[in-house]
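Participant: Next comes the structure file model.txt, holding compact mmCIF, C-alpha atoms.
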# COMPACT_ATOMS: atom_id res chain seq x y z
CA MET A 1 72.45 102.20 144.81
CA ALA A 2 74.60 100.65 142.07
CA VAL A 3 71.87 98.15 141.33
CA ALA A 4 69.35 100.92 141.09
CA THR A 5 71.46 102.86 138.59
CA GLU A 6 72.04 99.72 136.57
CA THR A 7 68.35 98.94 136.32
CA ALA A 8 67.72 102.55 135.44
CA THR A 9 70.31 102.40 132.67
CA GLU A 10 68.94 99.12 131.47
CA ALA A 11 65.47 100.58 131.41
CA GLN A 12 66.81 103.55 129.50
CA THR A 13 68.61 101.31 127.03
CA GLU A 14 65.57 99.19 126.53
CA GLN A 15 63.50 102.24 125.98
CA LYS A 16 65.94 103.43 123.34
CA GLY A 17 65.80 100.10 121.53
CA GLY A 18 68.63 98.05 123.03
CA PHE A 19 72.21 97.90 121.83
CA PRO A 20 73.48 101.42 121.06
CA PRO A 21 75.51 100.68 117.90
CA PHE A 22 72.42 99.12 116.29
CA GLU A 23 70.09 101.99 117.06
CA PRO A 24 69.07 103.53 113.74
CA GLU A 25 68.07 106.74 115.41
CA HIS A 26 71.51 108.32 115.07
CA PHE A 27 72.43 106.76 111.72
CA PRO A 28 71.68 109.88 109.62
CA SER A 29 73.76 112.13 111.88
CA GLN A 30 76.60 109.62 112.01
CA LEU A 31 76.59 109.33 108.21
CA LEU A 32 76.59 113.09 107.80
CA TRP A 33 79.50 113.65 110.16
CA LEU A 34 81.41 110.67 108.80
CA ALA A 35 81.00 112.03 105.28
CA ILE A 36 82.21 115.45 106.38
CA THR A 37 85.16 114.26 108.47
CA PHE A 38 86.30 111.48 106.15
CA GLY A 39 85.92 113.87 103.22
CA ALA A 40 88.06 116.37 105.07
CA ILE A 41 90.69 113.73 105.81
CA TYR A 42 90.69 112.58 102.18
CA LEU A 43 91.08 116.17 100.96
CA PHE A 44 93.83 116.85 103.46
CA VAL A 45 95.69 113.63 102.63
CA SER A 46 95.42 114.03 98.85
CA LYS A 47 96.12 117.77 98.72
CA VAL A 48 98.53 118.38 101.58
CA PHE A 49 99.83 115.18 103.15
CA VAL A 50 100.90 113.38 99.98
CA ARG A 51 102.52 116.49 98.55
CA ARG A 52 104.40 117.40 101.70
CA VAL A 53 105.42 114.00 103.07
CA GLY A 54 105.66 112.20 99.72
CA GLY A 55 107.25 115.26 98.14
CA THR A 56 109.86 115.46 100.87
CA ILE A 57 110.65 111.76 100.54
CA ALA A 58 110.93 112.03 96.75
CA GLU A 59 113.05 115.17 97.04
CA ARG A 60 115.36 113.46 99.51
CA ALA A 61 115.70 110.39 97.28
CA GLU A 62 116.47 112.65 94.31
CA ARG A 63 118.94 114.68 96.32
CA ILE A 64 120.70 111.56 97.57
CA SER A 65 121.00 110.07 94.09
CA ARG A 66 122.23 113.42 92.75
CA ASP A 67 124.80 113.64 95.52
CA LEU A 68 125.89 110.07 94.84
CA ASP A 69 126.27 110.87 91.13
CA GLU A 70 128.30 113.93 91.97
CA ALA A 71 130.42 111.93 94.35
CA SER A 72 131.12 109.23 91.76
CA ALA A 73 131.96 111.91 89.18
CA ALA A 74 134.34 113.53 91.66
CA LYS A 75 135.88 110.15 92.34
CA ALA A 76 136.38 109.58 88.62
CA ARG A 77 138.04 113.00 88.37
CA ALA A 78 140.25 112.19 91.34
CA ASP A 79 141.22 108.86 89.78
CA GLU A 80 142.07 110.62 86.54
CA ALA A 81 144.19 113.15 88.40
CA THR A 82 145.97 110.37 90.27
CA GLU A 83 146.68 108.59 87.01
CA ALA A 84 147.97 111.75 85.36
CA HIS A 85 150.11 112.44 88.40
CA ALA A 86 151.55 108.94 88.33
CA LYS A 87 152.23 109.28 84.61
CA ALA A 88 153.95 112.63 85.08
CA LEU A 89 155.99 111.18 87.90
CA ALA A 90 157.07 108.22 85.75
CA GLU A 91 158.01 110.56 82.89
CA ALA A 92 159.98 112.76 85.19
CA ARG A 93 161.79 109.76 86.59
CA ASP A 94 162.65 108.49 83.09
CA LYS A 95 163.89 111.92 82.14
CA ALA A 96 165.97 112.21 85.27
CA GLN A 97 167.48 108.80 84.66
CA GLY A 98 168.24 109.78 81.06
CA ILE A 99 169.96 112.95 82.19
CA ALA A 100 171.93 111.06 84.80
CA ARG A 101 173.02 108.50 82.24
CA GLU A 102 174.10 111.13 79.72
CA THR A 103 175.97 113.02 82.36
CA ARG A 104 177.69 109.90 83.52
CA GLU A 105 178.66 108.96 79.97
CA ALA A 106 179.92 112.45 79.24
CA MET A 107 181.97 112.49 82.40
CA ASN A 108 183.30 109.03 81.66
CA ALA A 109 184.35 110.17 78.23
CA VAL A 110 186.07 113.26 79.59
CA SER A 111 187.92 111.36 82.29
CA GLU A 112 188.87 108.67 79.80
CA SER A 113 190.35 111.17 77.40
CA ARG A 114 192.12 112.96 80.23
CA ARG A 115 193.49 109.65 81.43
CA LYS A 116 194.72 108.76 77.93
CA ALA A 117 196.40 112.16 77.59
CA VAL A 118 198.11 111.75 80.92
CA GLU A 119 199.16 108.21 79.99
CA ALA A 120 200.53 109.36 76.66
CA ASP A 121 202.35 112.18 78.39
CA LEU A 122 203.77 109.80 80.94
CA ALA A 123 204.78 107.31 78.22
CA ALA A 124 206.54 110.11 76.33
CA LYS A 125 208.31 111.22 79.46
CA LEU A 126 209.28 107.61 80.20
CA ALA A 127 210.64 107.16 76.70
CA ALA A 128 212.59 110.40 76.99
CA ALA A 129 214.01 109.32 80.34
CA ASP A 130 214.99 105.90 78.93
CA LYS A 131 216.72 107.58 76.04
CA GLU A 132 218.49 109.96 78.38
CA ILE A 133 219.58 107.03 80.54
CA ALA A 134 220.89 105.18 77.46
CA THR A 135 222.83 108.23 76.23
CA ARG A 136 224.19 108.87 79.66
CA LYS A 137 225.13 105.24 79.99
CA ALA A 138 226.87 105.20 76.59
CA GLN A 139 228.67 108.39 77.40
CA ALA A 140 229.72 107.02 80.74
CA MET A 141 230.96 103.85 79.10
CA THR A 142 233.10 105.85 76.64
CA ASN A 143 234.58 107.78 79.50
CA VAL A 144 235.26 104.51 81.35
CA ASN A 145 237.08 103.19 78.22
CA ALA A 146 239.24 106.25 77.99
CA ILE A 147 240.11 106.08 81.68
CA ALA A 148 240.83 102.37 81.44
CA GLN A 149 243.14 102.85 78.44
CA GLU A 150 244.93 105.64 80.19
CA THR A 151 245.24 103.61 83.38
CA ALA A 152 246.33 100.59 81.39
CA ALA A 153 248.92 102.66 79.48
CA ALA A 154 250.24 104.02 82.77
CA ILE A 155 250.31 100.51 84.29
CA VAL A 156 252.04 99.08 81.20
CA ALA A 157 254.58 101.96 81.10
CA ARG A 158 255.48 101.45 84.73
CA LEU A 159 255.70 97.67 84.48
CA THR A 160 257.44 97.31 81.15
CA GLY A 161 259.27 100.60 80.92
CA HIS A 162 258.13 101.48 77.50
CA PRO A 163 254.65 102.68 76.44
CA ALA A 164 252.22 100.48 74.67
CA SER A 165 250.56 101.54 71.49
CA SER A 166 247.02 102.87 71.83
CA ALA A 167 245.65 100.32 69.31
CA GLU A 168 246.92 97.42 71.40
CA LEU A 169 245.51 99.00 74.50
CA ALA A 170 242.10 99.55 72.91
CA ALA A 171 242.05 95.91 71.74
CA VAL A 172 242.72 94.70 75.26
CA VAL A 173 240.59 97.17 77.26
CA SER A 174 237.48 97.56 75.10
CA PRO A 175 236.22 93.96 75.47
CA VAL A 176 236.55 94.32 79.24
CA GLY A 177 234.51 97.52 79.35
CA LYS A 178 231.88 95.88 77.18
CA SER A 179 231.48 92.84 79.32
CA MET B 1 78.85 99.79 135.50
CA ASN B 2 77.29 98.92 132.25
CA PRO B 3 79.90 97.89 129.64
CA ILE B 4 77.54 98.86 126.85
CA GLU B 5 77.15 102.40 128.07
CA GLN B 6 80.40 103.50 126.43
CA PHE B 7 78.93 102.94 122.97
CA GLU B 8 76.01 105.18 123.67
CA ILE B 9 75.64 108.22 121.46
CA SER B 10 74.78 111.37 123.28
CA PRO B 11 73.53 114.41 121.43
CA LEU B 12 75.52 117.55 122.02
CA LYS B 13 73.64 119.94 119.72
CA GLU B 14 70.51 119.55 117.68
CA LEU B 15 71.03 120.96 114.22
CA GLY B 16 67.67 120.35 112.57
CA SER B 17 66.06 117.69 110.50
CA ILE B 18 65.38 116.87 106.87
CA GLY B 19 62.13 114.94 106.62
CA ALA B 20 62.20 112.19 109.18
CA TYR B 21 65.99 112.40 109.65
CA HIS B 22 67.35 114.33 112.57
CA PHE B 23 70.84 115.71 112.28
CA ILE B 24 72.52 116.12 115.61
CA PHE B 25 76.06 117.01 116.56
CA THR B 26 76.89 114.08 118.84
CA ASN B 27 79.84 112.89 120.88
CA SER B 28 80.60 110.54 118.01
CA ALA B 29 80.88 113.49 115.63
CA ALA B 30 83.09 115.32 118.10
CA TYR B 31 85.52 112.39 118.17
CA MET B 32 85.53 112.22 114.35
CA PHE B 33 86.53 115.87 114.29
CA LEU B 34 89.15 115.20 116.96
CA CYS B 35 90.57 112.56 114.63
CA VAL B 36 90.75 115.06 111.75
CA ALA B 37 92.31 117.65 114.03
CA ILE B 38 94.98 115.23 115.25
CA LEU B 39 95.88 114.11 111.73
CA VAL B 40 96.07 117.67 110.39
CA GLY B 41 97.80 118.97 113.52
CA VAL B 42 100.42 116.22 113.67
CA THR B 43 101.13 116.43 109.94
CA LEU B 44 101.51 120.20 109.89
CA PHE B 45 103.56 120.20 113.09
CA ALA B 46 105.81 117.35 111.95
CA MET B 47 106.33 118.81 108.48
CA ARG B 48 106.71 122.44 109.58
CA GLY B 49 110.42 122.40 108.81
CA ASN B 50 109.88 120.17 105.76
CA SER B 51 113.54 119.42 106.03
CA LEU B 52 115.54 116.86 104.09
CA VAL B 53 117.03 115.65 107.36
CA PRO B 54 113.88 114.75 109.28
CA GLY B 55 113.24 115.24 112.96
CA ARG B 56 111.76 112.53 115.13
CA LEU B 57 108.10 113.19 114.40
CA GLN B 58 108.76 113.77 110.70
CA SER B 59 110.63 110.46 110.54
CA ALA B 60 107.70 108.70 112.18
CA LEU B 61 105.23 110.27 109.77
CA GLU B 62 107.41 109.38 106.78
CA ALA B 63 107.69 105.84 108.10
CA VAL B 64 103.88 105.56 108.21
CA TYR B 65 103.68 107.02 104.70
CA GLU B 66 106.25 104.54 103.38
CA PHE B 67 104.57 101.69 105.24
CA ILE B 68 101.20 102.33 103.59
CA ALA B 69 102.80 103.14 100.25
CA ASP B 70 104.65 99.80 100.30
CA THR B 71 101.44 98.00 101.25
CA VAL B 72 99.62 99.61 98.32
CA ARG B 73 102.47 98.86 95.89
CA GLN B 74 102.78 95.25 96.97
CA SER B 75 99.06 94.48 96.90
CA ALA B 76 97.84 96.60 94.00
CA GLY B 77 101.01 97.34 92.03
CA GLU B 78 102.41 100.70 90.95
CA GLU B 79 99.07 101.58 89.35
CA GLY B 80 97.44 101.17 92.74
CA MET B 81 99.31 104.26 93.93
CA ARG B 82 96.54 106.42 92.45
CA PHE B 83 94.44 105.12 95.33
CA PHE B 84 97.12 105.89 97.88
CA PRO B 85 95.37 108.99 99.30
CA PHE B 86 92.19 106.96 99.74
CA VAL B 87 93.91 104.00 101.42
CA PHE B 88 95.97 106.27 103.60
CA SER B 89 92.86 108.23 104.62
CA LEU B 90 91.13 105.00 105.62
CA PHE B 91 94.15 103.79 107.54
CA ALA B 92 94.72 107.09 109.32
CA PHE B 93 91.06 107.56 110.17
CA ILE B 94 90.59 104.05 111.55
CA LEU B 95 93.93 104.01 113.35
CA LEU B 96 93.33 107.35 115.03
CA CYS B 97 89.73 106.47 115.97
CA ASN B 98 90.89 103.15 117.41
CA PHE B 99 93.65 104.73 119.46
CA ILE B 100 91.53 107.65 120.64
CA GLY B 101 89.01 105.04 121.77
CA LEU B 102 91.64 103.41 124.01
CA VAL B 103 91.80 106.51 126.19
CA PRO B 104 89.55 105.89 129.20
CA TYR B 105 86.19 107.68 129.09
CA SER B 106 86.58 108.40 125.39
CA PHE B 107 84.29 107.27 122.60
CA THR B 108 85.31 104.78 119.92
CA VAL B 109 83.97 105.89 116.55
CA THR B 110 84.93 102.57 114.93
CA SER B 111 82.73 100.63 117.37
CA GLN B 112 79.71 101.99 115.49
CA ILE B 113 78.57 99.56 112.82
CA ILE B 114 77.18 102.40 110.74
CA VAL B 115 80.68 103.94 110.52
CA THR B 116 82.52 100.74 109.61
CA ALA B 117 79.76 99.69 107.22
CA SER B 118 79.85 103.07 105.48
CA LEU B 119 83.61 102.85 105.03
CA ALA B 120 83.36 99.25 103.78
CA LEU B 121 80.58 100.14 101.36
CA LEU B 122 82.63 103.10 100.14
CA VAL B 123 85.50 100.72 99.33
CA PHE B 124 83.04 98.30 97.67
CA ALA B 125 81.48 101.08 95.59
CA ILE B 126 84.87 102.41 94.49
CA VAL B 127 85.99 98.91 93.45
CA ILE B 128 82.81 98.34 91.39
CA ILE B 129 82.69 101.81 89.81
CA TYR B 130 86.39 101.94 89.02
CA GLY B 131 86.37 98.33 87.79
CA PHE B 132 83.57 98.92 85.29
CA TRP B 133 84.87 102.38 84.30
CA ARG B 134 88.34 101.01 83.62
CA HIS B 135 87.58 97.60 82.10
CA GLY B 136 83.90 97.83 81.09
CA LEU B 137 82.36 94.38 81.04
CA GLY B 138 85.86 92.93 81.20
CA PHE B 139 85.61 93.58 84.92
CA LEU B 140 83.27 90.57 85.04
CA HIS B 141 86.30 88.35 84.33
CA LEU B 142 86.85 88.72 88.04
CA PHE B 143 84.04 86.23 88.58
CA ALA B 144 85.14 83.80 85.88
CA PRO B 145 88.78 82.91 86.38
CA SER B 146 90.42 81.65 83.21
CA GLY B 147 91.74 78.10 83.21
CA ALA B 148 88.87 76.55 85.14
CA PRO B 149 87.15 73.62 83.46
CA GLY B 150 83.88 74.55 81.74
CA TRP B 151 81.60 72.32 83.73
CA LEU B 152 82.87 73.88 86.99
CA MET B 153 82.23 77.41 85.71
CA PRO B 154 78.68 77.93 87.00
CA LEU B 155 79.72 76.82 90.48
CA ILE B 156 82.84 78.99 90.46
CA VAL B 157 80.93 82.05 89.26
CA VAL B 158 78.35 81.61 92.02
CA ILE B 159 81.06 81.25 94.66
CA GLU B 160 83.05 84.22 93.33
CA VAL B 161 79.97 86.46 93.22
CA MET B 162 78.97 85.43 96.73
CA SER B 163 82.41 86.07 98.15
CA PHE B 164 82.55 89.41 96.32
CA LEU B 165 79.20 90.47 97.73
CA LEU B 166 80.15 89.39 101.24
CA ARG B 167 83.26 91.55 101.23
CA PRO B 168 81.70 94.74 102.64
CA LEU B 169 80.02 92.69 105.32
CA SER B 170 83.21 90.95 106.46
CA LEU B 171 85.22 94.16 106.13
CA SER B 172 82.85 96.18 108.29
CA VAL B 173 81.96 93.50 110.83
CA ARG B 174 85.60 92.56 111.40
CA LEU B 175 86.54 96.06 112.50
CA PHE B 176 83.30 96.73 114.35
CA ALA B 177 83.29 93.44 116.25
CA ASN B 178 86.95 93.71 117.23
CA MET B 179 86.49 97.19 118.62
CA LEU B 180 83.21 96.36 120.31
CA ALA B 181 84.41 93.14 121.93
CA GLY B 182 87.69 94.64 123.05
CA HIS B 183 86.08 97.62 124.66
CA ILE B 184 83.40 95.50 126.34
CA ALA B 185 86.12 93.24 127.78
CA LEU B 186 88.08 96.25 128.96
CA ALA B 187 85.00 97.77 130.56
CA VAL B 188 84.07 94.50 132.24
CA PHE B 189 87.49 94.01 133.82
CA ALA B 190 87.81 97.67 134.77
CA GLY B 191 84.35 97.34 136.28
CA PHE B 192 85.54 94.42 138.40
CA VAL B 193 88.27 96.64 139.80
CA ALA B 194 85.73 99.26 140.80
CA THR B 195 83.31 96.70 142.24
CA LEU B 196 86.02 94.94 144.30
CA ALA B 197 87.44 98.24 145.49
CA GLY B 198 84.05 99.20 146.80
CA ALA B 199 83.39 95.82 148.47
CA GLY B 200 85.31 96.12 151.74
CA VAL B 201 87.73 93.25 152.32
CA TRP B 202 87.55 92.17 148.70
CA LEU B 203 89.68 95.19 147.94
CA VAL B 204 92.75 92.92 148.26
CA LEU B 205 91.64 91.08 145.11
CA ALA B 206 91.28 94.27 143.08
CA PRO B 207 94.86 94.17 141.65
CA LEU B 208 94.03 90.96 139.76
CA PRO B 209 91.44 92.42 137.37
CA PHE B 210 93.51 95.61 137.33
CA ALA B 211 96.50 93.67 135.95
CA MET B 212 94.12 92.01 133.51
CA THR B 213 92.87 95.41 132.40
CA ILE B 214 96.41 96.58 131.73
CA ALA B 215 97.20 93.42 129.77
CA LEU B 216 93.98 93.84 127.80
CA LEU B 217 94.83 97.46 127.09
CA ALA B 218 98.15 96.36 125.59
CA LEU B 219 96.35 93.73 123.50
CA GLU B 220 93.78 96.32 122.41
CA ALA B 221 96.55 98.67 121.33
CA LEU B 222 97.85 95.87 119.10
CA VAL B 223 94.34 95.18 117.82
CA ALA B 224 93.78 98.89 117.18
CA PHE B 225 96.79 99.00 114.87
CA LEU B 226 96.20 95.58 113.36
CA GLN B 227 92.57 96.25 112.46
CA ALA B 228 93.47 99.55 110.82
CA TYR B 229 96.19 97.76 108.85
CA VAL B 230 93.91 94.85 107.94
CA PHE B 231 91.27 97.28 106.68
CA ALA B 232 93.89 99.09 104.61
CA ILE B 233 95.48 95.97 103.12
CA LEU B 234 92.11 94.37 102.29
CA THR B 235 91.13 97.63 100.60
CA CYS B 236 94.33 97.37 98.56
CA ILE B 237 93.58 93.76 97.62
CA TYR B 238 90.04 94.67 96.55
CA LEU B 239 91.33 97.65 94.58
CA ASN B 240 93.78 95.30 92.89
CA ASP B 241 90.75 93.36 91.61
CA ALA B 242 89.42 96.58 90.11
CA LEU B 243 92.80 97.35 88.54
CA HIS B 244 93.61 93.84 87.29
CA PRO B 245 90.43 91.71 87.07
CA HIS B 246 92.13 89.00 84.97
CA HIS B 247 93.63 86.90 87.71
Mind converting the file's structure to structure tokens?
Facilitator:
Amino acid sequence: MAVATETATEAQTEQKGGFPPFEPEHFPSQLLWLAITFGAIYLFVSKVFVRRVGGTIAERAERISRDLDEASAAKARADEATEAHAKALAEARDKAQGIARETREAMNAVSESRRKAVEADLAAKLAAADKEIATRKAQAMTNVNAIAQETAAAIVARLTGHPASSAELAAVVSPVGKS
Amino acid sequence: MNPIEQFEISPLKELGSIGAYHFIFTNSAAYMFLCVAILVGVTLFAMRGNSLVPGRLQSALEAVYEFIADTVRQSAGEEGMRFFPFVFSLFAFILLCNFIGLVPYSFTVTSQIIVTASLALLVFAIVIIYGFWRHGLGFLHLFAPSGAPGWLMPLIVVIEVMSFLLRPLSLSVRLFANMLAGHIALAVFAGFVATLAGAGVWLVLAPLPFAMTIALLALEALVAFLQAYVFAILTCIYLNDALHPHH
């Protein structure tokens, strides 16, 4: 059965002129349809395909480069802002330090002057007290002299029976009180 | 099973004749239209969103576009991009015909010498016409490379002219013969499977040619792509001659 079909096909092929791709019988039709279909493909590719696919690719590339540009611009702005911020911060710090220094100096000056005033006051008070002590001491010494002379006069009067003159007494007692 | 049967052209509708030429809508024509339909359908479907962030199919299509565009740029320079639609059409047409032909029971348009020869002659004609239109007689520098010693010139010119004239032949026969041989081999091995399966005990041997058929199909898929690419890149190289004949 298979052999029969094969011989039949072979006979048919032979009748047609052998190898199908080399049969010129269908060449005109093939050429016509090839021209139509390839022409259609060329038209479609050049008018639609290139514009849509190529256009999309180009648009994407453009969009990406635009976005990258924008991003780098934004980065530059951000850098600028950071720099300005750092500068402002540094200025503020300098200013703060300046204020702190001035305040410290002012306070130092105030406390210094207050300290000097208090010291002067204390020195004056000390001087006054010294003077007072000296006066009191002198006064006390005078009193001691008087008492000593009186005591001496009394002692002399009791021992000797007759009073001693005050000049003699002063000459004897005074050096003692002074020593 | 006759492995040649698959190349047979069967008329589907008689359209009429001009003089001695009969124009018939054949199975071959139907597959050519299928090729157009697939290209248009896939493109429109893939690009329907036309979005900047592509989907899978759009990515694939863009990859093919970039692939051919790079091939054109590398072989024919930036100027060659004016021929991009032509090269892409050739590539798409041949690739789709080759792959459609791999489907069992289908018809391979590119296994018809008249088709491959027409495409090759179209390339040849475009190279000659564009070359002379662009460079005038300067296009003839293509056959007389500068820097060759004078006494060698006649020999070189003869060789260059011969190789130039043989281009459409090699271009068309390469594609045609690859498709033809591949499909004959496929049909022969697939035929073995059928014959063994129908031969009683020999059925146990049927997996061997079946495995061979599968391996061949994989090889043919590679050849289908490769031949389309080879046709496209050779077209680019020939167009480069038309663009820059002073090599």
Participant: Considering all atoms listed in the file, return as a list in words whatever protein or nucleic-acid residues lie within 7 Å of segment 13-22 of chain B, sequence-local ones (same chain, fewer than 3 positions apart) excluded.
Facilitator: Pro28 and Ser29 of chain A; Phe25 and Thr26 of chain B
Participant: Between chain B and chain A, at 6 Å or less, what are the per-residue closest atom pairs and their distances in Å? Count all atoms listed in the file, order by chain and rising residue number, and return it as a Markdown table.
Facilitator:
| residue | atom | partner | partner_atom | distance |
| --- | --- | --- | --- | --- |
| B:Phe7 | CA | A:Pro20 | CA | 6.0 |
| B:Glu8 | CA | A:Pro20 | CA | 5.2 |
| B:Phe23 | CA | A:Ser29 | CA | 4.6 |
| B:Ile24 | CA | A:Ser29 | CA | 5.6 |
| B:Ala29 | CA | A:Trp33 | CA | 5.6 |
| B:Leu52 | CA | A:Arg60 | CA | 5.7 |
| B:Pro85 | CA | A:Ser46 | CA | 5.1 |
| B:Ser89 | CA | A:Tyr42 | CA | 5.4 |
| B:Gln112 | CA | A:Pro21 | CA | 5.0 |
Participant: Looking at all atoms listed in the file, which of B:Val36, B:Ala190, B:Ile68, B:Ala177 is the one that sits closest to Tyr105 of chain B?
Facilitator: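 Using all atoms listed in the file, Tyr105 of chain B sits closest to B:Ala190.
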Participant: Measuring between only C-alpha atoms, which one of B:Leu171, B:Met179, B:Leu243, B:Ala30 shows the shortest distance to Ser111 of chain B?
Facilitator: B:Met179
Participant: Just want the 12 Å neighbourhood of segment 164-172 of chain A, counted on all atoms listed in the file, with same-chain residues fewer than 3 positions away dropped. Output as a ChimeraX atom specification.
Facilitator: /A:142,144-161,175-178
Participant: If you measure from atom CA of Val115 of chain B to atom CA of Val161 of chain B, what distance in Å do you get, rounded to one decimal?
Facilitator: 24.6 Å
Participant: With 12 Å as the threshold, what does the neighbourhood of (81.9, 88.7, 97.3) contain in terms of residues, counting all atoms listed in the file? Coordinates are those of the file; answer as a ChimeraX atom specification.
Facilitator: /B:124,127-128,142-143,156-171,238,241
Participant: Suppose you want the space between atom CA of Leu234 of chain B and atom CA of Arg73 of chain B; what is it in Å?
Facilitator: 13.0 Å
Participant: Atom CA of Val223 of chain B and atom CA of Pro209 of chain B, how far apart in Å?
Facilitator: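 It comes out at 20.0 Å.
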Participant: Hey, what's within 10 Å of Leu34 of chain B if we count all atoms listed in the file and toss same-chain stuff fewer than 5 positions away? As a list of chain:residue names, please?
Facilitator: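 Returned residues: A:Thr37, B:Ser28, B:Ala29, B:Leu39, B:Val40, B:Leu96, B:Cys97, B:Ile100.
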Participant: With all atoms listed in the file as the counted atoms, please give the residues lying no more than 6 Å from segment 75-83 of chain B, apart from itself and same-chain residues fewer than 3 positions off, as a PyMOL selection string.
Facilitator: chain B and resi 72+86+236-237+240
Participant: Please determine, counting all atoms listed in the file, which residue among B:Leu95, B:Phe107, B:Gly138, B:Trp133 has the shortest atom-to-atom distance to Leu180 of chain B.
Facilitator: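 Once distances to Leu180 of chain B are computed over all atoms listed in the file, the minimum belongs to B:Phe107.
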Participant: Please determine an axis-aligned box that encloses all atoms of segment 64-72 of chain B listed in the file, with 6 Å added on each side, and express its centre and edge lengths in Å to one decimal as JSON.
Facilitator:
{"center_x": 102.9, "center_y": 102.5, "center_z": 103.3, "size_x": 18.6, "size_y": 21.0, "size_z": 21.9}
